[in-house]
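Pasting protein_14.cif here (mmCIF, C-alpha atoms):
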data_data
#
loop_
_atom_site.group_PDB
_atom_site.id
_atom_site.type_symbol
_atom_site.label_atom_id
_atom_site.label_comp_id
_atom_site.auth_asym_id
_atom_site.auth_seq_id
_atom_site.Cartn_x
_atom_site.Cartn_y
_atom_site.Cartn_z
ATOM 1 C CA MET A 528 93.527 119.743 102.746
ATOM 2 C CA SER A 529 95.215 120.498 99.472
ATOM 3 C CA THR A 530 95.218 118.105 96.578
ATOM 4 C CA ALA A 531 98.284 116.620 94.941
ATOM 5 C CA ARG A 532 100.648 118.865 93.032
ATOM 6 C CA PRO A 533 101.264 117.364 89.555
ATOM 7 C CA CYS A 534 104.790 116.218 88.849
ATOM 8 C CA ALA A 535 105.569 116.861 85.627
ATOM 9 C CA GLY A 536 110.173 90.994 77.608
ATOM 10 C CA LEU A 537 108.163 89.377 80.325
ATOM 11 C CA ARG A 538 110.779 88.439 82.883
ATOM 12 C CA ALA A 539 113.223 91.253 82.183
ATOM 13 C CA ALA A 540 110.565 93.912 82.598
ATOM 14 C CA VAL A 541 109.246 92.487 85.852
ATOM 15 C CA ALA A 542 112.443 91.213 87.475
ATOM 16 C CA ALA A 543 114.124 94.600 87.605
ATOM 17 C CA GLY A 544 111.917 96.116 90.231
ATOM 18 C CA MET A 545 108.712 94.255 91.065
ATOM 19 C CA GLY A 546 107.575 94.226 94.654
ATOM 20 C CA LEU A 547 108.638 96.517 97.446
ATOM 21 C CA SER A 548 112.402 96.579 97.351
ATOM 22 C CA ASP A 549 114.638 97.924 94.645
ATOM 23 C CA GLY A 550 117.595 98.522 96.925
ATOM 24 C CA PRO A 551 120.933 96.752 96.739
ATOM 25 C CA ALA A 552 119.722 93.961 99.007
ATOM 26 C CA SER A 553 118.144 91.951 96.533
ATOM 27 C CA SER A 554 100.747 110.639 94.227
ATOM 28 C CA GLY A 555 102.062 113.223 96.084
ATOM 29 C CA ARG A 556 101.413 116.681 97.285
ATOM 30 C CA GLY A 557 104.774 117.515 95.862
ATOM 31 C CA CYS A 558 107.798 115.510 94.953
ATOM 32 C CA ARG A 559 111.420 116.282 94.372
ATOM 33 C CA LEU A 560 112.609 115.845 90.798
ATOM 34 C CA LEU A 561 115.820 113.890 91.202
ATOM 35 C CA ARG A 562 116.969 114.270 87.611
ATOM 36 C CA PRO A 563 117.623 117.365 85.464
ATOM 37 C CA PRO A 564 116.583 119.998 84.696
ATOM 38 C CA GLU A 565 115.939 121.230 88.260
ATOM 39 C CA PRO A 566 114.521 119.791 91.474
ATOM 40 C CA ALA A 567 111.047 120.873 92.467
ATOM 41 C CA PRO A 568 110.989 122.720 95.806
ATOM 42 C CA ALA A 569 110.285 120.606 98.864
ATOM 43 C CA LEU A 570 107.116 121.159 100.838
ATOM 44 C CA PRO A 571 107.274 121.969 104.557
ATOM 45 C CA GLY A 572 107.227 118.290 105.503
ATOM 46 C CA ALA A 573 105.123 115.249 106.067
ATOM 47 C CA ARG A 574 102.687 114.755 108.884
ATOM 48 C CA LEU A 575 103.932 111.900 111.099
ATOM 49 C CA LEU A 576 101.434 109.586 112.791
ATOM 50 C CA ARG A 577 102.588 106.787 115.094
ATOM 51 C CA LEU A 578 100.502 103.652 115.229
ATOM 52 C CA PRO A 579 99.578 101.997 118.521
ATOM 53 C CA GLU A 580 100.548 98.356 118.881
ATOM 54 C CA SER A 581 98.105 96.327 116.783
ATOM 55 C CA GLU A 582 97.643 93.839 119.633
ATOM 56 C CA ALA A 583 96.355 96.679 121.814
ATOM 57 C CA VAL A 584 93.832 97.915 119.290
ATOM 58 C CA GLU A 585 90.430 96.629 120.313
ATOM 59 C CA ALA A 586 86.987 97.951 119.520
ATOM 60 C CA ALA A 587 86.613 99.963 122.738
ATOM 61 C CA SER A 588 90.273 100.634 123.607
ATOM 62 C CA PRO A 589 91.779 104.146 123.715
ATOM 63 C CA GLU A 590 94.369 102.965 121.191
ATOM 64 C CA ARG A 591 91.611 102.329 118.660
ATOM 65 C CA SER A 592 91.098 106.047 118.150
ATOM 66 C CA GLY A 593 94.756 106.519 117.178
ATOM 67 C CA TRP A 594 94.564 103.581 114.751
ATOM 68 C CA THR A 595 91.388 104.962 113.194
ATOM 69 C CA GLU A 596 92.853 108.454 112.949
ATOM 70 C CA ALA A 597 95.849 107.115 111.030
ATOM 71 C CA LEU A 598 93.621 105.103 108.691
ATOM 72 C CA ARG A 599 91.344 108.030 107.943
ATOM 73 C CA ALA A 600 94.268 110.396 107.403
ATOM 74 C CA ALA A 601 95.996 107.970 105.043
ATOM 75 C CA VAL A 602 92.845 107.285 103.028
ATOM 76 C CA ALA A 603 92.138 111.007 102.698
ATOM 77 C CA GLU A 604 95.648 111.717 101.429
ATOM 78 C CA LEU A 605 95.596 108.782 99.011
ATOM 79 C CA ARG A 606 92.237 109.855 97.596
ATOM 80 C CA ALA A 607 93.647 113.362 97.148
ATOM 81 C CA GLY A 608 96.414 111.946 94.959
ATOM 82 C CA ALA A 609 99.178 112.118 97.564
ATOM 83 C CA VAL A 610 102.064 109.763 98.320
ATOM 84 C CA VAL A 611 102.038 108.198 101.789
ATOM 85 C CA ALA A 612 104.756 106.217 103.588
ATOM 86 C CA VAL A 613 103.428 103.036 105.192
ATOM 87 C CA PRO A 614 104.711 100.006 107.121
ATOM 88 C CA THR A 615 104.241 96.540 105.631
ATOM 89 C CA ASP A 616 105.128 93.003 106.676
ATOM 90 C CA THR A 617 108.547 93.249 104.984
ATOM 91 C CA LEU A 618 109.718 96.871 104.560
ATOM 92 C CA TYR A 619 108.488 100.443 104.709
ATOM 93 C CA GLY A 620 106.812 101.417 101.487
ATOM 94 C CA LEU A 621 105.506 104.351 99.509
ATOM 95 C CA ALA A 622 101.863 104.027 98.519
ATOM 96 C CA CYS A 623 99.626 105.995 96.204
ATOM 97 C CA SER A 624 96.406 105.426 94.319
ATOM 98 C CA ALA A 625 97.128 103.168 91.358
ATOM 99 C CA SER A 626 94.282 104.945 89.547
ATOM 100 C CA SER A 627 96.002 108.356 89.717
ATOM 101 C CA SER A 628 98.441 108.852 86.850
ATOM 102 C CA VAL A 629 99.784 112.014 88.495
ATOM 103 C CA ALA A 630 100.457 110.167 91.740
ATOM 104 C CA LEU A 631 102.224 107.342 89.900
ATOM 105 C CA SER A 632 104.478 109.848 88.166
ATOM 106 C CA CYS A 633 105.305 111.468 91.483
ATOM 107 C CA VAL A 634 106.385 108.143 92.995
ATOM 108 C CA TYR A 635 108.851 107.577 90.166
ATOM 109 C CA ARG A 636 110.262 111.067 90.389
ATOM 110 C CA LEU A 637 110.432 111.075 94.167
ATOM 111 C CA LYS A 638 112.481 107.866 94.170
ATOM 112 C CA GLY A 639 114.527 108.679 91.075
ATOM 113 C CA ARG A 640 113.215 105.361 89.792
ATOM 114 C CA SER A 641 113.406 104.260 86.185
ATOM 115 C CA GLU A 642 109.974 104.289 84.603
ATOM 116 C CA ALA A 643 110.875 100.947 83.021
ATOM 117 C CA LYS A 644 110.617 99.373 86.485
ATOM 118 C CA PRO A 645 107.103 98.313 87.509
ATOM 119 C CA LEU A 646 105.222 99.117 90.694
ATOM 120 C CA ALA A 647 103.366 96.432 92.635
ATOM 121 C CA VAL A 648 99.659 96.686 93.424
ATOM 122 C CA CYS A 649 98.496 96.310 97.010
ATOM 123 C CA LEU A 650 95.013 94.936 97.694
ATOM 124 C CA GLY A 651 93.063 94.156 100.844
ATOM 125 C CA ARG A 652 91.345 90.859 100.004
ATOM 126 C CA VAL A 653 91.960 87.767 97.912
ATOM 127 C CA ALA A 654 88.606 88.391 96.215
ATOM 128 C CA ASP A 655 89.986 91.672 94.842
ATOM 129 C CA VAL A 656 92.712 89.825 92.918
ATOM 130 C CA TYR A 657 90.111 88.497 90.480
ATOM 131 C CA ARG A 658 89.047 92.021 89.570
ATOM 132 C CA TYR A 659 92.506 93.204 88.637
ATOM 133 C CA CYS A 660 94.151 89.999 87.328
ATOM 134 C CA GLN A 661 93.579 87.030 85.076
ATOM 135 C CA VAL A 662 93.985 84.296 87.691
ATOM 136 C CA ARG A 663 95.172 80.885 86.437
ATOM 137 C CA VAL A 664 95.791 79.169 89.770
ATOM 138 C CA PRO A 665 93.349 77.752 92.339
ATOM 139 C CA ARG A 666 91.868 80.209 94.799
ATOM 140 C CA GLU A 667 93.219 78.013 97.597
ATOM 141 C CA LEU A 668 96.756 78.763 96.400
ATOM 142 C CA LEU A 669 96.133 82.492 96.711
ATOM 143 C CA GLU A 670 94.687 81.967 100.180
ATOM 144 C CA ASP A 671 97.741 79.940 101.214
ATOM 145 C CA LEU A 672 100.116 82.736 100.226
ATOM 146 C CA PHE A 673 97.978 85.821 100.970
ATOM 147 C CA PRO A 674 98.223 87.731 103.157
ATOM 148 C CA GLY A 675 101.957 87.276 103.379
ATOM 149 C CA PRO A 676 105.434 88.443 102.307
ATOM 150 C CA VAL A 677 104.986 87.498 98.657
ATOM 151 C CA THR A 678 104.275 89.297 95.393
ATOM 152 C CA LEU A 679 102.359 87.186 92.880
ATOM 153 C CA VAL A 680 102.786 88.249 89.257
ATOM 154 C CA MET A 681 99.838 87.573 86.959
ATOM 155 C CA GLU A 682 98.329 88.911 83.781
ATOM 156 C CA ARG A 683 96.581 92.201 84.452
ATOM 157 C CA SER A 684 92.966 92.949 83.655
ATOM 158 C CA GLU A 685 91.516 95.995 81.925
ATOM 159 C CA GLU A 686 90.421 97.350 85.327
ATOM 160 C CA LEU A 687 93.879 98.725 86.108
ATOM 161 C CA ASN A 688 95.007 102.193 85.084
ATOM 162 C CA LYS A 689 96.749 101.968 81.716
ATOM 163 C CA ASP A 690 99.445 104.347 82.991
ATOM 164 C CA LEU A 691 100.430 101.806 85.640
ATOM 165 C CA ASN A 692 103.320 99.762 84.198
ATOM 166 C CA PRO A 693 102.247 100.404 80.583
ATOM 167 C CA PHE A 694 105.228 98.445 79.230
ATOM 168 C CA THR A 695 104.027 95.032 80.477
ATOM 169 C CA ARG A 696 100.840 92.962 80.446
ATOM 170 C CA LEU A 697 101.722 91.657 83.907
ATOM 171 C CA VAL A 698 101.256 93.058 87.389
ATOM 172 C CA GLY A 699 102.593 92.034 90.780
ATOM 173 C CA ILE A 700 99.998 91.729 93.549
ATOM 174 C CA ARG A 701 100.705 92.230 97.247
ATOM 175 C CA ILE A 702 98.411 91.572 100.200
ATOM 176 C CA PRO A 703 100.765 92.257 103.114
ATOM 177 C CA ASP A 704 100.335 90.383 106.372
ATOM 178 C CA HIS A 705 100.166 93.649 108.284
ATOM 179 C CA ALA A 706 97.047 94.731 110.154
ATOM 180 C CA PHE A 707 97.298 98.408 109.227
ATOM 181 C CA MET A 708 97.918 97.733 105.538
ATOM 182 C CA LEU A 709 95.011 95.298 105.351
ATOM 183 C CA ASP A 710 92.715 97.846 106.984
ATOM 184 C CA LEU A 711 94.049 100.628 104.766
ATOM 185 C CA ALA A 712 93.620 98.731 101.506
ATOM 186 C CA GLN A 713 90.108 97.682 102.441
ATOM 187 C CA MET A 714 89.082 101.169 103.571
ATOM 188 C CA PHE A 715 90.598 102.810 100.491
ATOM 189 C CA GLY A 716 88.573 100.481 98.316
ATOM 190 C CA GLY A 717 90.772 100.483 95.216
ATOM 191 C CA PRO A 718 94.209 99.348 94.068
ATOM 192 C CA LEU A 719 97.226 100.961 95.716
ATOM 193 C CA ALA A 720 100.557 101.229 93.943
ATOM 194 C CA LEU A 721 103.352 100.172 96.280
ATOM 195 C CA THR A 722 107.134 100.397 96.212
ATOM 196 C CA SER A 723 109.919 100.629 98.774
ATOM 197 C CA ALA A 724 110.472 103.809 100.795
ATOM 198 C CA ASN A 725 113.971 104.669 99.619
ATOM 199 C CA LEU A 726 115.758 106.284 96.744
ATOM 200 C CA SER A 727 116.383 103.823 93.936
ATOM 201 C CA SER A 728 119.654 101.891 94.295
ATOM 202 C CA GLN A 729 119.779 102.650 98.033
ATOM 203 C CA ALA A 730 119.020 100.218 100.855
ATOM 204 C CA SER A 731 115.388 99.549 101.701
ATOM 205 C CA SER A 732 114.019 100.894 104.982
ATOM 206 C CA LEU A 733 113.070 99.063 108.179
ATOM 207 C CA SER A 734 112.173 102.192 110.155
ATOM 208 C CA VAL A 735 110.826 105.628 109.328
ATOM 209 C CA GLU A 736 114.103 107.230 110.404
ATOM 210 C CA GLU A 737 115.936 105.423 107.621
ATOM 211 C CA PHE A 738 114.099 107.378 104.905
ATOM 212 C CA GLN A 739 113.850 110.656 106.786
ATOM 213 C CA ASP A 740 115.342 112.526 103.836
ATOM 214 C CA LEU A 741 112.137 111.758 101.922
ATOM 215 C CA TRP A 742 109.769 113.128 104.569
ATOM 216 C CA PRO A 743 109.680 116.700 103.194
ATOM 217 C CA HIS A 744 108.374 115.323 99.897
ATOM 218 C CA LEU A 745 105.594 113.148 101.350
ATOM 219 C CA SER A 746 102.194 114.178 102.645
ATOM 220 C CA LEU A 747 101.999 111.617 105.452
ATOM 221 C CA VAL A 748 104.298 109.127 107.185
ATOM 222 C CA ILE A 749 102.736 106.268 109.149
ATOM 223 C CA ASP A 750 105.175 105.062 111.796
ATOM 224 C CA GLY A 751 104.519 101.448 112.692
ATOM 225 C CA GLY A 752 107.813 100.996 114.544
ATOM 226 C CA PRO A 753 110.847 98.993 113.458
ATOM 227 C CA ILE A 754 110.327 96.104 111.022
ATOM 228 C CA GLY A 755 112.750 93.291 111.792
ATOM 229 C CA ASP A 756 116.416 93.574 112.748
ATOM 230 C CA SER A 757 118.121 96.507 111.075
ATOM 231 C CA GLN A 758 121.479 94.742 111.437
ATOM 232 C CA SER A 759 120.328 91.683 109.491
ATOM 233 C CA PRO A 760 120.667 91.844 105.683
ATOM 234 C CA GLU A 761 117.982 89.145 105.403
ATOM 235 C CA CYS A 762 115.423 91.566 106.828
ATOM 236 C CA ARG A 763 115.909 93.884 103.842
ATOM 237 C CA LEU A 764 115.249 91.293 101.147
ATOM 238 C CA GLY A 765 111.650 92.338 100.589
ATOM 239 C CA SER A 766 108.867 90.061 99.428
ATOM 240 C CA THR A 767 109.400 86.888 97.425
ATOM 241 C CA VAL A 768 108.276 87.662 93.863
ATOM 242 C CA VAL A 769 106.705 84.782 91.910
ATOM 243 C CA ASP A 770 105.558 84.714 88.286
ATOM 244 C CA LEU A 771 102.287 82.753 88.034
ATOM 245 C CA SER A 772 101.342 83.946 84.553
ATOM 246 C CA VAL A 773 102.046 80.582 82.869
ATOM 247 C CA PRO A 774 99.531 77.827 83.728
ATOM 248 C CA GLY A 775 101.074 74.925 85.619
ATOM 249 C CA LYS A 776 104.380 76.680 86.214
ATOM 250 C CA PHE A 777 105.985 79.225 88.477
ATOM 251 C CA GLY A 778 109.077 81.373 88.165
ATOM 252 C CA ILE A 779 110.969 83.016 91.007
ATOM 253 C CA ILE A 780 111.684 86.571 89.926
ATOM 254 C CA ARG A 781 113.181 87.568 93.279
ATOM 255 C CA PRO A 782 113.968 85.113 96.099
ATOM 256 C CA GLY A 783 113.084 87.624 98.810
ATOM 257 C CA CYS A 784 112.421 86.679 102.411
ATOM 258 C CA ALA A 785 109.961 83.781 101.975
ATOM 259 C CA LEU A 786 111.486 81.659 99.223
ATOM 260 C CA GLU A 787 111.561 78.262 100.941
ATOM 261 C CA ASN A 788 108.000 78.341 102.235
ATOM 262 C CA THR A 789 106.638 79.735 98.974
ATOM 263 C CA THR A 790 108.292 77.176 96.702
ATOM 264 C CA SER A 791 107.268 74.372 99.042
ATOM 265 C CA ILE A 792 103.618 75.369 98.773
ATOM 266 C CA LEU A 793 103.757 75.809 95.006
ATOM 267 C CA GLN A 794 105.519 72.525 94.289
ATOM 268 C CA GLN A 795 104.426 70.119 97.007
ATOM 269 C CA LYS A 796 100.847 71.233 97.563
ATOM 270 C CA TYR A 797 99.847 72.402 94.077
ATOM 271 C CA GLY A 798 102.246 70.515 91.824
ATOM 272 C CA LEU A 799 103.503 73.559 89.924
ATOM 273 C CA LEU A 800 106.752 73.127 88.039
ATOM 274 C CA PRO A 801 109.624 75.635 88.053
ATOM 275 C CA SER A 802 109.824 77.450 84.749
ATOM 276 C CA GLN A 803 113.055 77.432 82.777
ATOM 277 C CA GLY A 804 115.472 79.983 84.147
ATOM 278 C CA SER A 805 113.685 80.245 87.487
ATOM 279 C CA CYS A 806 116.033 80.855 90.399
ATOM 280 C CA SER A 807 114.068 78.509 92.677
#
Transcribe the structure of this file into structure tokens.
Amino acid sequence: MSTARPCAGLRAAVAAGMGLSDGPASSGRGCRLLRPPEPAPALPGARLLRLPESEAVEAASPERSGWTEALRAAVAELRAGAVVAVPTDTLYGLACSASSSVALSCVYRLKGRSEAKPLAVCLGRVADVYRYCQVRVPRELLEDLFPGPVTLVMERSEELNKDLNPFTRLVGIRIPDHAFMLDLAQMFGGPLALTSANLSSQASSLSVEEFQDLWPHLSLVIDGGPIGDSQSPECRLGSTVVDLSVPGKFGIIRPGCALENTTSILQQKYGLLPSQGSCS
């Protein structure tokens, strides 16, 4: 297996692109350079692995071997510095090791994404949040919202790669409510950078076929089947992004798909107040 080929303001910084989706509805073995001078040549194509239904995956079931194969393949590629397409609880995403500066650069170039837009960090457990963030809310609040379709923005710790979102002291944390992503993040054992599987400014993806033009520039595509109704614009909203960096307050950076439930928990259960300018 080859290794990766190198590819050569609080609210404003975060609001532009935090979370999974940067489409209009709101690292790698090689990546195509979408801006001048010239595009890098595409590789032969990504390996495609289809996941069995998570409900069918039991310890001794035949489907378990396919699930485990996909996990091991994804972890190996991520540790090699590659970019992998993955299903989440909201959209299909592109994941890479947040500790690999080369991989982070490849994600930006692959998507044609402005480097002024941050990438979210995907973790596998609530306990991991305390390693990578300065947490100023009760642990019970995190456990009420994670895992789930939310991105919680907090002050970052020194544990994160300084090349990850170097323009802001904040970071958005995701723990998706998706069995494969939880297993993947826990097996990988470190922070994963996560963004939507689409070219910047284009619609986010609910199936692997919708970002098929990116396959030649990825090392691995994990097909978890369709996510939601492709005909429903609401299904492409991505996660609800919430700023929790100010004690006692919250700010909605992006309404996303879970706004009502999220604001209800923050206000009614924990007594947080909307910050000025919040779109809640």
Residues at most 6 Å from range 656-662 of chain A, counting all atoms listed in the file, excluding those fewer than 3 positions away in the same chain, as a tab-separated table (two decimals) with C-alpha atoms, keeping the file's coordinate frame?
chain	number	residue	atom	x	y	z
A	653	VAL	CA	91.96	87.77	97.91
A	682	GLU	CA	98.33	88.91	83.78
A	683	ARG	CA	96.58	92.20	84.45
A	684	SER	CA	92.97	92.95	83.66
A	686	GLU	CA	90.42	97.35	85.33
- Query: So which residues get picked by the PyMOL selection byres ((chain A and resi 648) around 7) here, written as a PyMOL selection string?
  - Reply: chain A and resi 646-647+649-650+699-701+718-721
Atoms to include: C-alpha atoms. Write the selected residues as a short mmCIF file (atom, residue, chain, number, x, y, z; two decimals), in the frame of the given file.
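File written: again19.cif
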data_model
loop_
_atom_site.label_atom_id
_atom_site.label_comp_id
_atom_site.auth_asym_id
_atom_site.auth_seq_id
_atom_site.Cartn_x
_atom_site.Cartn_y
_atom_site.Cartn_z
CA LEU A 646 105.22 99.12 90.69
CA ALA A 647 103.37 96.43 92.64
CA CYS A 649 98.50 96.31 97.01
CA LEU A 650 95.01 94.94 97.69
CA GLY A 699 102.59 92.03 90.78
CA ILE A 700 100.00 91.73 93.55
CA ARG A 701 100.70 92.23 97.25
CA PRO A 718 94.21 99.35 94.07
CA LEU A 719 97.23 100.96 95.72
CA ALA A 720 100.56 101.23 93.94
CA LEU A 721 103.35 100.17 96.28
#
Test item: which residues lie within 9 Å of (113.4, 102.5, 113.5) counting only C-alpha atoms, as a JSON list (two decimals) with C-alpha atoms, in the frame of the given file:
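Output (result03.json):
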[["chain", "number", "residue", "atom", "x", "y", "z"],
["A", 732, "SER", "CA", 114.02, 100.89, 104.98],
["A", 733, "LEU", "CA", 113.07, 99.06, 108.18],
["A", 734, "SER", "CA", 112.17, 102.19, 110.16],
["A", 735, "VAL", "CA", 110.83, 105.63, 109.33],
["A", 736, "GLU", "CA", 114.10, 107.23, 110.40],
["A", 737, "GLU", "CA", 115.94, 105.42, 107.62],
["A", 750, "ASP", "CA", 105.18, 105.06, 111.80],
["A", 751, "GLY", "CA", 104.52, 101.45, 112.69],
["A", 752, "GLY", "CA", 107.81, 101.00, 114.54],
["A", 753, "PRO", "CA", 110.85, 98.99, 113.46],
["A", 754, "ILE", "CA", 110.33, 96.10, 111.02],
["A", 757, "SER", "CA", 118.12, 96.51, 111.08]]
- Message: Please list as a ChimeraX atom specification every residue within 10 Å of Ala654 in chain A, counting all atoms listed in the file and excluding residues in the same chain fewer than 5 positions away.
- Response: /A:659,666,669-670
- Message: Show me the residues close to (101.1, 106.8, 94.8) - anything with an atom within 12 Å, counting all atoms listed in the file - and format the list as a ChimeraX atom specification.
- Response: /A:531,533-534,554-558,601-602,604-613,620-638,646-649,691,718-724,745-747
- Message: Set the distance at 9 Å and use only C-alpha atoms: which residues neighbour Leu711 in chain A once local chain neighbours fewer than 5 positions away are removed? I'd like the list as a PyMOL selection string.
- Response: chain A and resi 598-599+601-602+651+706+716
- Message: I'd like the neighbourhood of Lys796 in chain A as a ChimeraX atom specification, where a residue qualifies if any of its atoms comes within 12 Å (using all atoms listed in the file), though same-chain residues fewer than 4 positions away should be ignored.
- Response: /A:665,667-668,671-672,788-792,800
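You can rank A:Ile702, A:Leu575, A:Ala603, A:Val677 by their closest distance to Arg652 in chain A using all atoms listed in the file, and at the top of that list sits A:Ile702.
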- Message: One decimal, in Å: what's the spacing between CA of Gly783 in chain A and CA of Asp616 in chain A?
- Response: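 Result for CA of Gly783 in chain A versus CA of Asp616 in chain A: 12.4 Å, one decimal.
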- Message: Quick check, in Å to one decimal: how far apart do CA of Pro774 in chain A and CA of Val664 in chain A lie?
- Response: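 Straight-line distance from CA of Pro774 in chain A to CA of Val664 in chain A works out to 7.2 Å.
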Quick one: range 599-606 of chain A with all heavy atoms, as a compact mmCIF listing (two decimals), keeping the file's coordinate frame?
# COMPACT_ATOMS: atom_id res chain seq x y z
N ARG A 599 92.12 106.99 108.62
CA ARG A 599 91.34 108.03 107.94
C ARG A 599 92.25 109.06 107.29
O ARG A 599 91.98 109.53 106.17
CB ARG A 599 90.40 108.70 108.94
CG ARG A 599 89.24 107.80 109.36
CD ARG A 599 88.40 108.45 110.42
NE ARG A 599 87.23 107.64 110.75
CZ ARG A 599 86.43 107.86 111.78
NH1 ARG A 599 86.65 108.90 112.59
NH2 ARG A 599 85.39 107.08 112.01
N ALA A 600 93.34 109.42 107.97
CA ALA A 600 94.27 110.40 107.40
C ALA A 600 94.93 109.84 106.14
O ALA A 600 95.05 110.53 105.13
CB ALA A 600 95.32 110.78 108.44
N ALA A 601 95.34 108.58 106.19
CA ALA A 601 96.00 107.97 105.04
C ALA A 601 95.04 107.85 103.86
O ALA A 601 95.41 108.15 102.72
CB ALA A 601 96.56 106.60 105.41
N VAL A 602 93.82 107.42 104.11
CA VAL A 602 92.84 107.28 103.03
C VAL A 602 92.56 108.64 102.39
O VAL A 602 92.49 108.77 101.17
CB VAL A 602 91.55 106.63 103.55
CG1 VAL A 602 90.43 106.76 102.51
CG2 VAL A 602 91.78 105.17 103.89
N ALA A 603 92.41 109.67 103.23
CA ALA A 603 92.14 111.01 102.70
C ALA A 603 93.27 111.49 101.80
O ALA A 603 93.03 112.05 100.72
CB ALA A 603 91.92 111.99 103.86
N GLU A 604 94.51 111.28 102.24
CA GLU A 604 95.65 111.72 101.43
C GLU A 604 95.74 110.92 100.12
O GLU A 604 96.01 111.47 99.06
CB GLU A 604 96.95 111.58 102.23
CG GLU A 604 97.04 112.47 103.45
CD GLU A 604 97.13 113.95 103.10
OE1 GLU A 604 97.35 114.29 101.92
OE2 GLU A 604 96.97 114.78 104.03
N LEU A 605 95.53 109.62 100.21
CA LEU A 605 95.60 108.78 99.01
C LEU A 605 94.51 109.18 98.01
O LEU A 605 94.76 109.23 96.80
CB LEU A 605 95.45 107.31 99.40
CG LEU A 605 96.64 106.72 100.18
CD1 LEU A 605 96.25 105.40 100.81
CD2 LEU A 605 97.85 106.56 99.28
N ARG A 606 93.32 109.45 98.49
CA ARG A 606 92.24 109.86 97.60
C ARG A 606 92.48 111.23 96.99
O ARG A 606 91.94 111.55 95.93
CB ARG A 606 90.90 109.81 98.34
CG ARG A 606 90.44 108.39 98.61
CD ARG A 606 89.15 108.34 99.40
NE ARG A 606 88.70 106.94 99.58
CZ ARG A 606 87.74 106.56 100.42
NH1 ARG A 606 87.12 107.47 101.16
NH2 ARG A 606 87.41 105.29 100.52
